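The structure appears right after this line, and notes come after that.
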Amino acid sequence: MLILTTVLTTGALTLTACGSRDDDNKSSDNGGGKTVVIGFDAPLTGDLSALGIGMRNSAELAVKQANEQKLVDGVTFKLDPQDDQGQPSVGGTNAQKFISNKDVLGVVGPLNSSVSQSMQKPFNDNGLTQVSPANTGTELTQGNGWKTGKKARPFKTFFRTATTDQVQGQFAAQYLYTKAKIKKVYLIDDQKTYGAGLAASFKATYTKIGGKIVGSDHVNQEDRDFKSVAGKVKSTGAEAVYYGGEYPAAAPLSQQLKESGAKIPLMGGDGMKSEQFPKINKKAEGDLGTSVGAPVEKLPSAKKFIEDYNKAYKEDMETYGAGTYDATWSIIQAVKLAADGGKTPDRAGVLEAMSKVQFDGVTGKVSFDKYGDTTNTMMTAYQIKGNKWTPKFYEAYKPLS
């Protein structure tokens, strides 16, 4: 098992069996103990389901292991997974389901930043903690004024174990310009919160350090025919394409670029860096991607998690598995802190405890800053080699001012 370091003082935890059953923020009785439900939201069907299923399995594993360890005396954890289909409207409906269930003291997810935008305010209004392992939209934690240096946390209930698009876009730009020696880029995004934000961050840094954007385009996330765009790219003499979006569209875009005669790499972010990308892209070799965190397979802290996951599930843990385990474990740790001294954990107690949570997780040290952002800014650049994502370079990245 992972050795976890928390700020919880040592000693046995005892939970009172009493507590008002009329308080919607209190967890329910469970055979003399308490059932604490952790909600989970991600796309479990549709184009992005490979990512969502890996996330769900990882959250389920964390809950299972917390129960096996009897981590909080008298508390049984339960996961309530909901499918948002990658749609903000469905995510908003799921948020209301979690809010109405008094046993839900925290929610893990979602995958998409655009879905999170439909969930943040309802959760905040009801004091329900949310921890996303995948949302990278900078404005989610720092507000819309972050680009001008006016950072303000919009929702006190939102936390994440993934770093921001500001960090990821800058890292990608610097890697492409300084490491890959690519000086001319064609920029494309899918117009979604995640894709557009990532592309904007990339562009700002790439041009600042001397790179040239030779053309740009917007596509739709549902698009699969990119022959027209590919023709434009070829005519510009671009040395690479940077794509802000996710793998279902990135894969055919990459393949059609090469088929058009533009023998250049496509680069994207963590939404593209899925194991499905090289499976549905016959021309993926040489493409580049970035992802939050260090390569999990290279972390000693992740060895036990990888073994346990592979033993329990046949589906790949995908890009966000380790981060999801840590996101779930952070809520579990907050429940433990909220129960200290024999108190019955509730939503207010869990939210208050989140700022104190810190432990050695699968991805490394887990804690949150004053915005709710992860303090772990490790970033990795990958390249497709032999039809697989292979780590090329990783570092604890410090964003440019």
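Note on naming: chains are A, B, ... as they come in the structure tokens, residues start from 1 per chain, ligands start from 1 in the order shown.
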Original post:
So which residues of region 144-283 of chain A fall under strand (DSSP E or B) by DSSP, listed as a PyMOL selection string?
Top reply: chain A and resi 158-160+184-189+212-218+240-244+266-268
Could I get the residues of region 176-277 of chain A with an atom no further than 10 Å from an atom of region 102-125 of chain A, each paired with its nearest atom pair and that distance in Å to one decimal, using only C-alpha atoms, sorted by chain and residue number, as JSON lines?
{"residue": "A:Lys192", "atom": "CA", "partner": "A:Ser114", "partner_atom": "CA", "distance": 6.9}
{"residue": "A:Thr193", "atom": "CA", "partner": "A:Ser114", "partner_atom": "CA", "distance": 5.4}
{"residue": "A:Tyr194", "atom": "CA", "partner": "A:Ser113", "partner_atom": "CA", "distance": 5.8}
{"residue": "A:Gly195", "atom": "CA", "partner": "A:Ser113", "partner_atom": "CA", "distance": 9.4}
{"residue": "A:Gly197", "atom": "CA", "partner": "A:Ser113", "partner_atom": "CA", "distance": 10.0}
{"residue": "A:Glu246", "atom": "CA", "partner": "A:Asn112", "partner_atom": "CA", "distance": 9.9}
{"residue": "A:Gly271", "atom": "CA", "partner": "A:Asn112", "partner_atom": "CA", "distance": 8.9}
**OP:** May I ask for the distance between CA of Gly143 (chain A) and CA of Asp369 (chain A), given in Å to one decimal place?
**Re:**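 Between CA of Gly143 (chain A) and CA of Asp369 (chain A) the gap is 14.7 Å.
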Need the shell around region 167-174 of chain A: protein/DNA/RNA residues with any atom at most 6 Å away, counting only C-alpha atoms. Skip same-chain ones fewer than 5 positions apart. Format as a PDB file with all heavy atoms, in the first residue's frame?
ATOM      1  N   LEU A 198      -5.812  25.924 -24.404  1.00  0.00           N
ATOM      2  CA  LEU A 198      -4.483  25.338 -24.580  1.00  0.00           C
ATOM      3  C   LEU A 198      -3.771  25.958 -25.773  1.00  0.00           C
ATOM      4  O   LEU A 198      -2.577  26.311 -25.705  1.00  0.00           O
ATOM      5  CB  LEU A 198      -4.617  23.826 -24.772  1.00  0.00           C
ATOM      6  CG  LEU A 198      -3.349  22.990 -24.702  1.00  0.00           C
ATOM      7  CD1 LEU A 198      -2.667  23.144 -23.345  1.00  0.00           C
ATOM      8  CD2 LEU A 198      -3.686  21.519 -24.950  1.00  0.00           C
ATOM      9  N   SER A 201      -2.606  29.547 -24.948  1.00  0.00           N
ATOM     10  CA  SER A 201      -1.418  29.548 -24.088  1.00  0.00           C
ATOM     11  C   SER A 201      -0.174  29.185 -24.889  1.00  0.00           C
ATOM     12  O   SER A 201       0.887  29.804 -24.737  1.00  0.00           O
ATOM     13  CB  SER A 201      -1.609  28.566 -22.926  1.00  0.00           C
ATOM     14  OG  SER A 201      -0.454  28.505 -22.126  1.00  0.00           O
ATOM     15  N   PHE A 202      -0.295  28.178 -25.754  1.00  0.00           N
ATOM     16  CA  PHE A 202       0.823  27.774 -26.603  1.00  0.00           C
ATOM     17  C   PHE A 202       1.264  28.943 -27.480  1.00  0.00           C
ATOM     18  O   PHE A 202       2.456  29.267 -27.573  1.00  0.00           O
ATOM     19  CB  PHE A 202       0.424  26.587 -27.474  1.00  0.00           C
ATOM     20  CG  PHE A 202       1.469  26.209 -28.492  1.00  0.00           C
ATOM     21  CD1 PHE A 202       2.468  25.300 -28.167  1.00  0.00           C
ATOM     22  CD2 PHE A 202       1.460  26.776 -29.766  1.00  0.00           C
ATOM     23  CE1 PHE A 202       3.454  24.968 -29.095  1.00  0.00           C
ATOM     24  CE2 PHE A 202       2.438  26.444 -30.695  1.00  0.00           C
ATOM     25  CZ  PHE A 202       3.430  25.540 -30.357  1.00  0.00           C
ATOM     26  N   THR A 205       3.206  31.900 -25.718  1.00  0.00           N
ATOM     27  CA  THR A 205       4.594  31.591 -25.353  1.00  0.00           C
ATOM     28  C   THR A 205       5.456  31.355 -26.575  1.00  0.00           C
ATOM     29  O   THR A 205       6.596  31.826 -26.643  1.00  0.00           O
ATOM     30  CB  THR A 205       4.641  30.357 -24.429  1.00  0.00           C
ATOM     31  OG1 THR A 205       3.890  30.642 -23.245  1.00  0.00           O
ATOM     32  CG2 THR A 205       6.064  30.017 -24.036  1.00  0.00           C
ATOM     33  N   TYR A 206       4.926  30.621 -27.558  1.00  0.00           N
ATOM     34  CA  TYR A 206       5.713  30.270 -28.746  1.00  0.00           C
ATOM     35  C   TYR A 206       6.166  31.530 -29.498  1.00  0.00           C
ATOM     36  O   TYR A 206       7.329  31.626 -29.920  1.00  0.00           O
ATOM     37  CB  TYR A 206       4.878  29.375 -29.655  1.00  0.00           C
ATOM     38  CG  TYR A 206       5.655  28.737 -30.790  1.00  0.00           C
ATOM     39  CD1 TYR A 206       6.595  27.727 -30.536  1.00  0.00           C
ATOM     40  CD2 TYR A 206       5.443  29.132 -32.106  1.00  0.00           C
ATOM     41  CE1 TYR A 206       7.305  27.140 -31.572  1.00  0.00           C
ATOM     42  CE2 TYR A 206       6.149  28.541 -33.143  1.00  0.00           C
ATOM     43  CZ  TYR A 206       7.082  27.548 -32.876  1.00  0.00           C
ATOM     44  OH  TYR A 206       7.788  26.968 -33.900  1.00  0.00           O
ATOM     45  N   PRO A 399       6.141  28.142 -14.676  1.00  0.00           N
ATOM     46  CA  PRO A 399       5.572  28.971 -15.739  1.00  0.00           C
ATOM     47  C   PRO A 399       6.307  30.305 -15.890  1.00  0.00           C
ATOM     48  O   PRO A 399       6.829  30.870 -14.915  1.00  0.00           O
ATOM     49  CB  PRO A 399       4.130  29.206 -15.266  1.00  0.00           C
ATOM     50  CG  PRO A 399       3.852  28.099 -14.310  1.00  0.00           C
ATOM     51  CD  PRO A 399       5.151  27.794 -13.657  1.00  0.00           C
TER      52      PRO A 399
END
Original post:
With only C-alpha atoms as the basis for distance, which of A:Val214, A:Ile332, A:Ala249, A:Ile384 is at the shortest distance from Leu79 (chain A)?
Top reply: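 The shortest atom-to-atom distance to Leu79 (chain A) comes from A:Ile332.
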Which residues are close to Gln82 (chain A), i.e. within 12 Å by only C-alpha atoms, leaving aside same-chain residues fewer than 6 positions away? Reply as a compact mmCIF listing (two decimals) with all heavy atoms, in the first residue's frame.
# COMPACT_ATOMS: atom_id res chain seq x y z
N ILE A 38 -18.60 9.10 -2.44
CA ILE A 38 -17.80 9.98 -3.28
C ILE A 38 -18.37 9.91 -4.69
O ILE A 38 -18.40 8.84 -5.29
CB ILE A 38 -16.32 9.57 -3.27
CG1 ILE A 38 -15.75 9.71 -1.85
CG2 ILE A 38 -15.52 10.42 -4.26
CD1 ILE A 38 -14.31 9.25 -1.72
N GLY A 39 -18.86 11.02 -5.18
CA GLY A 39 -19.40 11.05 -6.53
C GLY A 39 -18.26 11.01 -7.55
O GLY A 39 -17.14 11.41 -7.27
N PHE A 40 -18.58 10.53 -8.72
CA PHE A 40 -17.60 10.48 -9.81
C PHE A 40 -18.31 10.83 -11.11
O PHE A 40 -19.39 10.32 -11.40
CB PHE A 40 -16.97 9.10 -9.93
CG PHE A 40 -16.09 8.95 -11.15
CD1 PHE A 40 -14.76 9.35 -11.11
CD2 PHE A 40 -16.60 8.47 -12.35
CE1 PHE A 40 -13.96 9.25 -12.24
CE2 PHE A 40 -15.81 8.38 -13.48
CZ PHE A 40 -14.48 8.77 -13.43
N ASP A 41 -17.69 11.70 -11.91
CA ASP A 41 -18.30 12.13 -13.17
C ASP A 41 -17.25 12.16 -14.27
O ASP A 41 -16.18 12.76 -14.11
CB ASP A 41 -18.91 13.53 -13.00
CG ASP A 41 -19.56 14.00 -14.28
OD1 ASP A 41 -20.76 13.71 -14.48
OD2 ASP A 41 -18.88 14.65 -15.09
N ALA A 42 -17.54 11.51 -15.38
CA ALA A 42 -16.66 11.50 -16.56
C ALA A 42 -17.44 10.86 -17.71
O ALA A 42 -18.50 10.24 -17.49
CB ALA A 42 -15.38 10.71 -16.28
N PRO A 43 -16.95 10.98 -18.95
CA PRO A 43 -17.62 10.28 -20.05
C PRO A 43 -17.33 8.78 -20.00
O PRO A 43 -16.18 8.37 -20.19
CB PRO A 43 -17.01 10.93 -21.30
CG PRO A 43 -15.69 11.48 -20.85
CD PRO A 43 -15.86 11.85 -19.42
N LEU A 44 -18.34 8.00 -19.75
CA LEU A 44 -18.21 6.54 -19.68
C LEU A 44 -18.73 5.87 -20.94
O LEU A 44 -18.60 4.67 -21.12
CB LEU A 44 -18.92 6.00 -18.44
CG LEU A 44 -18.42 6.58 -17.10
CD1 LEU A 44 -19.24 6.04 -15.94
CD2 LEU A 44 -16.94 6.30 -16.90
N THR A 45 -19.36 6.67 -21.81
CA THR A 45 -19.78 6.22 -23.13
C THR A 45 -19.37 7.31 -24.13
O THR A 45 -19.09 8.44 -23.75
CB THR A 45 -21.30 6.00 -23.20
OG1 THR A 45 -21.98 7.23 -22.84
CG2 THR A 45 -21.75 4.90 -22.26
N GLY A 52 -12.44 8.13 -19.70
CA GLY A 52 -13.36 8.13 -18.57
C GLY A 52 -13.38 6.82 -17.80
O GLY A 52 -13.45 6.81 -16.57
N ILE A 53 -13.32 5.70 -18.52
CA ILE A 53 -13.35 4.39 -17.86
C ILE A 53 -12.08 4.17 -17.05
O ILE A 53 -12.12 3.65 -15.93
CB ILE A 53 -13.57 3.28 -18.90
CG1 ILE A 53 -15.00 3.36 -19.44
CG2 ILE A 53 -13.29 1.90 -18.31
CD1 ILE A 53 -15.27 2.47 -20.64
N MET A 55 -10.39 6.48 -15.65
CA MET A 55 -10.57 7.33 -14.46
C MET A 55 -11.49 6.66 -13.45
O MET A 55 -11.19 6.62 -12.25
CB MET A 55 -11.16 8.68 -14.89
CG MET A 55 -10.21 9.56 -15.68
SD MET A 55 -11.04 10.99 -16.46
CE MET A 55 -11.64 11.88 -15.01
N ARG A 56 -12.62 6.14 -13.92
CA ARG A 56 -13.57 5.50 -13.00
C ARG A 56 -12.93 4.33 -12.28
O ARG A 56 -13.09 4.17 -11.05
CB ARG A 56 -14.79 5.00 -13.78
CG ARG A 56 -15.85 4.33 -12.90
CD ARG A 56 -16.74 3.42 -13.71
NE ARG A 56 -15.98 2.34 -14.34
CZ ARG A 56 -16.44 1.59 -15.34
NH1 ARG A 56 -17.64 1.82 -15.84
NH2 ARG A 56 -15.70 0.63 -15.85
N VAL A 90 -25.32 17.35 -19.52
CA VAL A 90 -25.44 16.11 -18.75
C VAL A 90 -24.65 16.24 -17.45
O VAL A 90 -25.10 15.79 -16.38
CB VAL A 90 -24.94 14.90 -19.57
CG1 VAL A 90 -25.10 13.61 -18.76
CG2 VAL A 90 -25.70 14.79 -20.89
N GLY A 91 -23.48 16.87 -17.53
CA GLY A 91 -22.70 17.10 -16.31
C GLY A 91 -23.47 17.93 -15.30
O GLY A 91 -23.42 17.66 -14.10
N GLY A 92 -24.19 18.94 -15.78
CA GLY A 92 -24.99 19.75 -14.88
C GLY A 92 -26.08 18.95 -14.20
O GLY A 92 -26.36 19.14 -13.00
N THR A 93 -26.71 18.05 -14.94
CA THR A 93 -27.73 17.17 -14.36
C THR A 93 -27.12 16.24 -13.31
O THR A 93 -27.69 16.02 -12.24
CB THR A 93 -28.41 16.34 -15.46
OG1 THR A 93 -29.04 17.22 -16.39
CG2 THR A 93 -29.45 15.39 -14.87
N ASN A 94 -25.95 15.70 -13.63
CA ASN A 94 -25.26 14.82 -12.68
C ASN A 94 -24.89 15.56 -11.40
O ASN A 94 -24.97 15.01 -10.31
CB ASN A 94 -24.01 14.22 -13.32
CG ASN A 94 -24.32 13.24 -14.43
OD1 ASN A 94 -25.45 12.78 -14.57
ND2 ASN A 94 -23.32 12.91 -15.23
N ALA A 95 -24.50 16.82 -11.56
CA ALA A 95 -24.14 17.63 -10.39
C ALA A 95 -25.32 17.74 -9.43
O ALA A 95 -25.16 17.62 -8.20
CB ALA A 95 -23.69 19.02 -10.83
N GLN A 96 -26.52 17.93 -9.99
CA GLN A 96 -27.71 18.02 -9.14
C GLN A 96 -28.00 16.70 -8.43
O GLN A 96 -28.47 16.69 -7.29
CB GLN A 96 -28.91 18.46 -9.97
CG GLN A 96 -28.81 19.88 -10.51
CD GLN A 96 -28.66 20.93 -9.42
OE1 GLN A 96 -29.21 20.78 -8.31
NE2 GLN A 96 -27.91 21.98 -9.70
N LYS A 97 -27.70 15.58 -9.09
CA LYS A 97 -27.89 14.27 -8.45
C LYS A 97 -26.98 14.14 -7.24
O LYS A 97 -27.40 13.67 -6.18
CB LYS A 97 -27.58 13.15 -9.45
CG LYS A 97 -28.56 13.00 -10.58
CD LYS A 97 -28.13 11.87 -11.52
CE LYS A 97 -29.06 11.74 -12.71
NZ LYS A 97 -28.59 10.68 -13.66
N PHE A 98 -25.74 14.56 -7.40
CA PHE A 98 -24.79 14.48 -6.29
C PHE A 98 -25.22 15.41 -5.15
O PHE A 98 -25.16 15.03 -3.97
CB PHE A 98 -23.39 14.85 -6.76
CG PHE A 98 -22.79 13.89 -7.75
CD1 PHE A 98 -22.14 14.37 -8.88
CD2 PHE A 98 -22.87 12.52 -7.57
CE1 PHE A 98 -21.56 13.50 -9.80
CE2 PHE A 98 -22.30 11.64 -8.49
CZ PHE A 98 -21.65 12.13 -9.60
N VAL A 107 -16.81 15.06 -4.81
CA VAL A 107 -16.99 14.56 -6.17
C VAL A 107 -15.65 14.59 -6.90
O VAL A 107 -14.93 15.60 -6.85
CB VAL A 107 -18.02 15.41 -6.96
CG1 VAL A 107 -18.13 14.93 -8.41
CG2 VAL A 107 -19.38 15.37 -6.28
N VAL A 108 -15.33 13.50 -7.59
CA VAL A 108 -14.14 13.41 -8.42
C VAL A 108 -14.54 13.60 -9.88
O VAL A 108 -15.46 12.95 -10.36
CB VAL A 108 -13.45 12.05 -8.24
CG1 VAL A 108 -12.25 11.91 -9.19
CG2 VAL A 108 -13.00 11.86 -6.80
N GLY A 109 -13.83 14.48 -10.59
CA GLY A 109 -14.11 14.72 -11.99
C GLY A 109 -14.51 16.16 -12.22
O GLY A 109 -14.47 16.99 -11.30
N PRO A 110 -14.90 16.45 -13.47
CA PRO A 110 -15.01 15.58 -14.62
C PRO A 110 -13.72 15.56 -15.45
O PRO A 110 -12.68 16.05 -15.00
CB PRO A 110 -16.13 16.23 -15.42
CG PRO A 110 -15.94 17.70 -15.16
CD PRO A 110 -15.48 17.79 -13.73
N LEU A 111 -13.82 15.01 -16.65
CA LEU A 111 -12.70 15.01 -17.59
C LEU A 111 -12.58 16.35 -18.30
O LEU A 111 -11.49 16.91 -18.41
CB LEU A 111 -12.91 13.89 -18.63
CG LEU A 111 -11.98 13.92 -19.86
CD1 LEU A 111 -10.56 13.56 -19.44
CD2 LEU A 111 -12.49 12.96 -20.94
**OP:** Can you pull out every residue within 9 Å of Ala312 (chain A), counting only C-alpha atoms, but drop anything in the same chain fewer than 4 positions away, and send it as a PyMOL selection string?
**Re:** chain A and resi 57+61+307-308
**OP:** Within 10 Å of region 346-350 of chain A, counting only C-alpha atoms, which residues show up once you throw out same-chain ones fewer than 6 positions away? Write them as a PyMOL selection string, please.
**Re:** chain A and resi 23-27+36+102-106+126-129+157+331-339
**OP:** Take CA of Leu299 (chain A) and CA of Asp80 (chain A) and report the distance between them in Å, one decimal.
**Re:**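 We find that CA of Leu299 (chain A) and CA of Asp80 (chain A) lie 29.1 Å from each other.
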Subject >> Selection: 8 Å around region 258-270 of chain A, only C-alpha atoms, excl. self and same-chain fewer than 4 positions, as a list in words >> reply: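 Final neighbour list, sorted by chain and number: Gln168, Gly169, Ala172, Leu198, Lys227, Ala230, Gly231, Val233, Lys234, Ala238, Glu239, Ala240, Val241, Tyr242, Tyr243, Gly244, Gly245, Glu246, Ser254, Ser274, Lys283, Gly286, Asp287, Leu288, Gly289, Thr290, Ser291, Val292 and Thr319 of chain A.
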